[in-house]
Amino acid sequence: MEIKNIEVIELEMPFSRGVEKKGNVGFLNWGKLDFCLIKVETDDGFIGWGDAFSFQCRRSVAEAVKHMIAPRVIGRNAGDIVQINHELQQELHLFGRYGITMFAISGLDIALWDIAGKRAGVPLYKLLGGSTIRSIPAYASLFRYEDCDLVADRVRHAMDLGYESIKLHEINIPEVHAAREAAGHSVPLMVDVNCPWTPEEAKSMALAFKAYDILWLEEPINPPENFQALSKLRTETEMAIAAGENACTSFEFKKMMEANAIDYAQPSVTKVGGITEFRKIATLCEVYGVQLMPHSPYFGPGFLATLHLSQAIPNSGMIERIFIEPETNLYGNSTYDPVNGAFGAPGGNGLGLEPDTDVLKTYRV
Ligand SMILES: [Mg+2]
């Protein structure tokens with residue numbers, strides 16, 4: 001069960017936002033989906049699939065996997081997942097404990113867990129301590145439209161699809177107002193602003209958003225690691241705060257929790273250090289009394305890994321389903337369509353699904 005080969009498969013896939021709008025395409029000028037898939041093969045014939053965070057950094061992450069990760073793990077026992085994760089983090093610490101290096105480690109870790117499930121002959125959630133598939137409620141994570149009519153239209157569409165909670169990526173009051181009008185008063189609305197404000201600006205916006213009964217305000221302050229400012233904002237506005245998609249490793253989450261900076265912790269399995277590190281963060285959430293709320297705007301192994309983790313972790317929060325439609329489903333099926341606003345983990349061994357080879361061929365860069 002030695003790791004025999006590691007192949008990096010980069011994909012670019014167009015997606016639809018579900019609405020036509022000329023000009024501004026929203027935050028980060030995000031126009032296509034990047035995938036940095038990691039295919040790990042063992043000498044006894046097992047294949048595992050991983051997913052390293054790669055939105056707008058795909059090439060850098062791919063190079064990190066090829067040149068910093070692969071040479072260190074070829075020939076290792078694929079079952080030494082936690083040990084390999086620990087060693088990679090130690091050996092690569094000088095390149096930074098956040099960013100490209102950790103994204104690459106995360107991708108490998110997910111692939112090794114996929115292999116472990118396949119070798120054990122069970123779906124990953126069983127290996128992680130779960131027993132039966134349960135429905136995990138999802139929330140629709142809308143794009144940023146910067147247009148009140150489009151926001152209202154998308155909110156109604158999400159409700160029609162069965163979502164019972166909806167997250168906006170709007171940063172202005174009129175769009176949030178339009179969303180609340182469209183949603184009515186019983187649908188939880190969250191607002192994710194992606195770190196635009198100073199602490200003072202964040203305070204005035206948080207107080208303004210309170211009129212719309214927001215379940216959480218996500219990443220209001222720049223830089224994201226200003227945990228003291230988040231903590232002060234929480235206290236002064238009594239607005240619930242979510243953050244964590246821009247944090248890596250359990251140590252960063254521990255600092256966030258010790259600073260009383262968050263109500264909702266949002267580890268991202270393709271960024272934090274994979275399934276191995278995600279589980280440590282879930283434990284911290286339990287110890288510190290913080291609600292886990294995974295960040296999972298993915299359409300590959302990262303989304304599947306989040307589903308399996310959520311099956312196995314008590315009180316695992318809602319699944320984030322980014323509200324865009326990729327041109328094709330990587331698995332050639334309806335994995336990303338919610339049933340009554342919820343998702344279950346696939347029942348196959350390991351991550352439970354294998355990427356469609358035709359899709360890989362069509363979208364490979
Ligand atoms: Mg976010």
# chains A, B, ... in the order shown; residues from 1 in each chain; ligands from 1
$ closest_atom_pairs --of "chain A" --to "ligand 1" --cutoff "7 Å" --atoms "only C-alpha atoms and all ligand atoms" --output "tab-separated table"
residue	atom	partner	partner_atom_place_in_ligand_line	distance
A:Asp192	CA	ligand 1	1 (Mg)	5.4
A:Asn194	CA	ligand 1	1 (Mg)	5.9
A:Glu218	CA	ligand 1	1 (Mg)	6.3
A:Glu219	CA	ligand 1	1 (Mg)	6.8
A:Glu245	CA	ligand 1	1 (Mg)	6.3
A:His295	CA	ligand 1	1 (Mg)	7.0
$ residues_around --residues "range 261-272 of chain A" --least-positions-apart "5" --cutoff "7 Å" --atoms "only C-alpha atoms" --output "ChimeraX atom specification"
/A:51-53,102-103,106-107,227-228,230-231,240-245,247-249,256,277-278,290-296,302,306
$ write_last_selection --atoms "C-alpha atoms" --output "mmCIF file, in the first residue's frame"
data_model
loop_
_atom_site.group_PDB
_atom_site.id
_atom_site.type_symbol
_atom_site.label_atom_id
_atom_site.label_comp_id
_atom_site.auth_asym_id
_atom_site.auth_seq_id
_atom_site.Cartn_x
_atom_site.Cartn_y
_atom_site.Cartn_z
ATOM 1 C CA ASP A 51 -9.097 18.589 -3.971
ATOM 2 C CA ALA A 52 -6.801 21.505 -3.149
ATOM 3 C CA PHE A 53 -8.253 25.011 -2.915
ATOM 4 C CA MET A 102 -1.614 24.310 3.209
ATOM 5 C CA PHE A 103 -4.009 24.102 0.258
ATOM 6 C CA SER A 106 -5.185 19.603 2.215
ATOM 7 C CA GLY A 107 -5.621 18.117 -1.253
ATOM 8 C CA PHE A 227 -9.538 38.631 15.865
ATOM 9 C CA GLN A 228 -9.486 41.336 18.556
ATOM 10 C CA LEU A 230 -13.971 40.906 15.485
ATOM 11 C CA SER A 231 -14.382 40.218 19.181
ATOM 12 C CA ALA A 240 -23.331 37.018 15.524
ATOM 13 C CA ILE A 241 -20.058 36.703 13.612
ATOM 14 C CA ALA A 242 -18.903 33.926 11.291
ATOM 15 C CA ALA A 243 -15.346 33.505 10.027
ATOM 16 C CA GLY A 244 -12.717 30.905 9.308
ATOM 17 C CA GLU A 245 -12.541 30.335 5.570
ATOM 18 C CA ALA A 247 -7.784 30.528 8.450
ATOM 19 C CA CYS A 248 -5.648 27.419 8.240
ATOM 20 C CA THR A 249 -4.744 24.879 10.927
ATOM 21 C CA MET A 256 -9.877 32.957 17.008
ATOM 22 C CA GLU A 277 -6.998 19.173 10.410
ATOM 23 C CA PHE A 278 -10.745 19.776 9.977
ATOM 24 C CA VAL A 290 -18.618 27.542 18.969
ATOM 25 C CA GLN A 291 -20.984 26.356 16.230
ATOM 26 C CA LEU A 292 -19.243 24.559 13.349
ATOM 27 C CA MET A 293 -20.408 25.851 9.946
ATOM 28 C CA PRO A 294 -18.235 24.412 7.155
ATOM 29 C CA HIS A 295 -17.118 26.566 4.223
ATOM 30 C CA SER A 296 -17.753 24.419 1.157
ATOM 31 C CA GLY A 302 -13.851 18.941 -1.291
ATOM 32 C CA THR A 306 -17.419 18.034 3.750
#
$ atom_distance --atom1 "CA of Cys285 in chain A" --atom2 "CA of Ser131 in chain A"
21.6 Å
$ atom_distance --atom1 "CA of Val191 in chain A" --atom2 "CA of Tyr298 in chain A"
19.0 Å
$ residues_around --residues "Lys39 in chain A" --least-positions-apart "5" --cutoff "10 Å" --atoms "only C-alpha atoms" --output "list in words"
Asn5, Ile6, Glu7, Val8, Ile9, Ile47, Gly48, Trp49, Gly50, Asp51, Gly107, Leu108, Ala111 and Leu112 of chain A
$ select_by_dssp --residues "range 148-338 of chain A" --states "helix (DSSP H, G or I)" --output "number ranges by chain"
A: 148-160, 173-183, 199-212, 227-237, 249-258, 274-288, 301-312
$ select_by_dssp --residues "range 97-343 of chain A" --states "strand (DSSP E or B)" --output "PyMOL selection string"
chain A and resi 123+136-141+166-168+189-192+197+214-218+221+241-243+264-265+268+291-292+295+319-322+325-326+339+342-343
$ write_last_selection --atoms "N, CA and C atoms" --output "compact mmCIF listing (two decimals), in the first residue's frame"
# COMPACT_ATOMS: atom_id res chain seq x y z
N PRO A 123 -17.88 3.69 3.24
CA PRO A 123 -17.90 5.13 2.95
C PRO A 123 -17.11 5.87 4.03
N ILE A 136 -28.28 16.44 5.72
CA ILE A 136 -27.66 17.62 6.31
C ILE A 136 -28.29 18.85 5.65
N PRO A 137 -28.94 19.71 6.42
CA PRO A 137 -29.55 20.90 5.83
C PRO A 137 -28.50 21.77 5.16
N ALA A 138 -28.88 22.34 4.02
CA ALA A 138 -27.94 23.19 3.28
C ALA A 138 -28.46 24.61 3.25
N TYR A 139 -27.56 25.55 2.99
CA TYR A 139 -28.03 26.90 2.70
C TYR A 139 -27.54 27.30 1.31
N ALA A 140 -28.38 28.04 0.62
CA ALA A 140 -27.99 28.56 -0.69
C ALA A 140 -27.08 29.76 -0.46
N SER A 141 -25.89 29.71 -1.05
CA SER A 141 -24.90 30.76 -0.86
C SER A 141 -24.86 31.58 -2.15
N ILE A 166 -30.61 31.12 3.57
CA ILE A 166 -30.00 31.75 2.39
C ILE A 166 -28.92 32.73 2.84
N LYS A 167 -27.78 32.63 2.15
CA LYS A 167 -26.69 33.57 2.45
C LYS A 167 -26.47 34.50 1.27
N LEU A 168 -26.34 35.78 1.60
CA LEU A 168 -26.06 36.80 0.58
C LEU A 168 -24.58 37.12 0.59
N LEU A 189 -31.51 34.56 7.09
CA LEU A 189 -30.64 35.18 6.09
C LEU A 189 -29.29 35.46 6.73
N MET A 190 -28.23 35.13 5.99
CA MET A 190 -26.89 35.45 6.45
C MET A 190 -26.27 36.41 5.44
N VAL A 191 -25.29 37.20 5.90
CA VAL A 191 -24.63 38.13 4.99
C VAL A 191 -23.12 37.94 5.08
N ASP A 192 -22.52 37.58 3.94
CA ASP A 192 -21.08 37.36 3.85
C ASP A 192 -20.49 38.49 3.01
N TRP A 197 -14.11 45.91 5.34
CA TRP A 197 -14.23 47.11 6.14
C TRP A 197 -13.17 47.26 7.23
N ILE A 214 -30.39 39.38 10.73
CA ILE A 214 -29.36 38.58 10.08
C ILE A 214 -28.87 37.50 11.05
N LEU A 215 -28.85 36.24 10.60
CA LEU A 215 -28.40 35.15 11.47
C LEU A 215 -26.92 35.28 11.81
N TRP A 216 -26.10 35.59 10.78
CA TRP A 216 -24.70 35.92 11.06
C TRP A 216 -24.17 36.87 10.01
N LEU A 217 -23.18 37.66 10.44
CA LEU A 217 -22.42 38.52 9.54
C LEU A 217 -21.06 37.86 9.37
N GLU A 218 -20.67 37.65 8.10
CA GLU A 218 -19.47 36.84 7.84
C GLU A 218 -18.32 37.71 7.33
N ILE A 221 -14.43 42.28 8.67
CA ILE A 221 -13.28 43.17 8.89
C ILE A 221 -12.04 42.70 8.12
N ILE A 241 -21.14 36.61 14.61
CA ILE A 241 -20.06 36.70 13.61
C ILE A 241 -19.63 35.31 13.17
N ALA A 242 -19.44 35.16 11.86
CA ALA A 242 -18.90 33.93 11.29
C ALA A 242 -17.59 34.24 10.60
N ALA A 243 -16.63 33.34 10.72
CA ALA A 243 -15.35 33.51 10.03
C ALA A 243 -14.58 32.19 10.08
N TYR A 264 -19.70 31.40 14.78
CA TYR A 264 -19.72 30.30 13.81
C TYR A 264 -18.31 30.13 13.23
N ALA A 265 -17.77 28.91 13.32
CA ALA A 265 -16.43 28.64 12.79
C ALA A 265 -16.57 27.97 11.43
N SER A 268 -12.52 25.28 6.03
CA SER A 268 -12.71 24.84 4.65
C SER A 268 -11.78 23.65 4.43
N GLN A 291 -20.27 27.18 17.21
CA GLN A 291 -20.98 26.36 16.23
C GLN A 291 -20.14 26.14 14.97
N LEU A 292 -19.92 24.89 14.61
CA LEU A 292 -19.24 24.56 13.35
C LEU A 292 -20.17 24.90 12.18
N HIS A 295 -17.21 25.81 5.49
CA HIS A 295 -17.12 26.57 4.22
C HIS A 295 -16.93 25.52 3.12
N ILE A 319 -24.65 22.74 5.38
CA ILE A 319 -23.75 22.63 4.22
C ILE A 319 -23.91 23.88 3.36
N GLU A 320 -22.78 24.47 2.97
CA GLU A 320 -22.84 25.62 2.06
C GLU A 320 -22.89 25.13 0.61
N ARG A 321 -23.95 25.51 -0.10
CA ARG A 321 -24.05 25.17 -1.54
C ARG A 321 -23.98 26.48 -2.30
N ILE A 322 -22.80 26.73 -2.91
CA ILE A 322 -22.66 27.98 -3.65
C ILE A 322 -23.67 27.99 -4.80
N GLU A 325 -24.17 27.34 -11.16
CA GLU A 325 -24.29 26.03 -11.78
C GLU A 325 -23.13 25.79 -12.73
N PRO A 326 -22.25 24.84 -12.38
CA PRO A 326 -21.16 24.51 -13.30
C PRO A 326 -21.74 23.95 -14.60
N VAL A 339 -31.99 17.81 -1.95
CA VAL A 339 -33.31 17.19 -1.81
C VAL A 339 -33.96 17.83 -0.59
N ALA A 342 -31.54 19.82 1.39
CA ALA A 342 -30.54 19.11 2.21
C ALA A 342 -29.71 18.17 1.33
N PHE A 343 -28.59 17.70 1.89
CA PHE A 343 -27.71 16.77 1.18
C PHE A 343 -27.37 15.60 2.11
$ closest_residue --among "A:His308, A:His177, A:Arg58, A:Lys4" --to "Val122 in chain A" --atoms "only C-alpha atoms"
A:His308
$ closest_residue --among "A:Val82, A:Leu150, A:Leu207, A:Met318" --to "Tyr163 in chain A" --atoms "only C-alpha atoms"
A:Met318
$ closest_residue --among "A:Met239, A:Val155, A:Val187, A:Arg72" --to "Ala211 in chain A" --atoms "only C-alpha atoms"
A:Met239
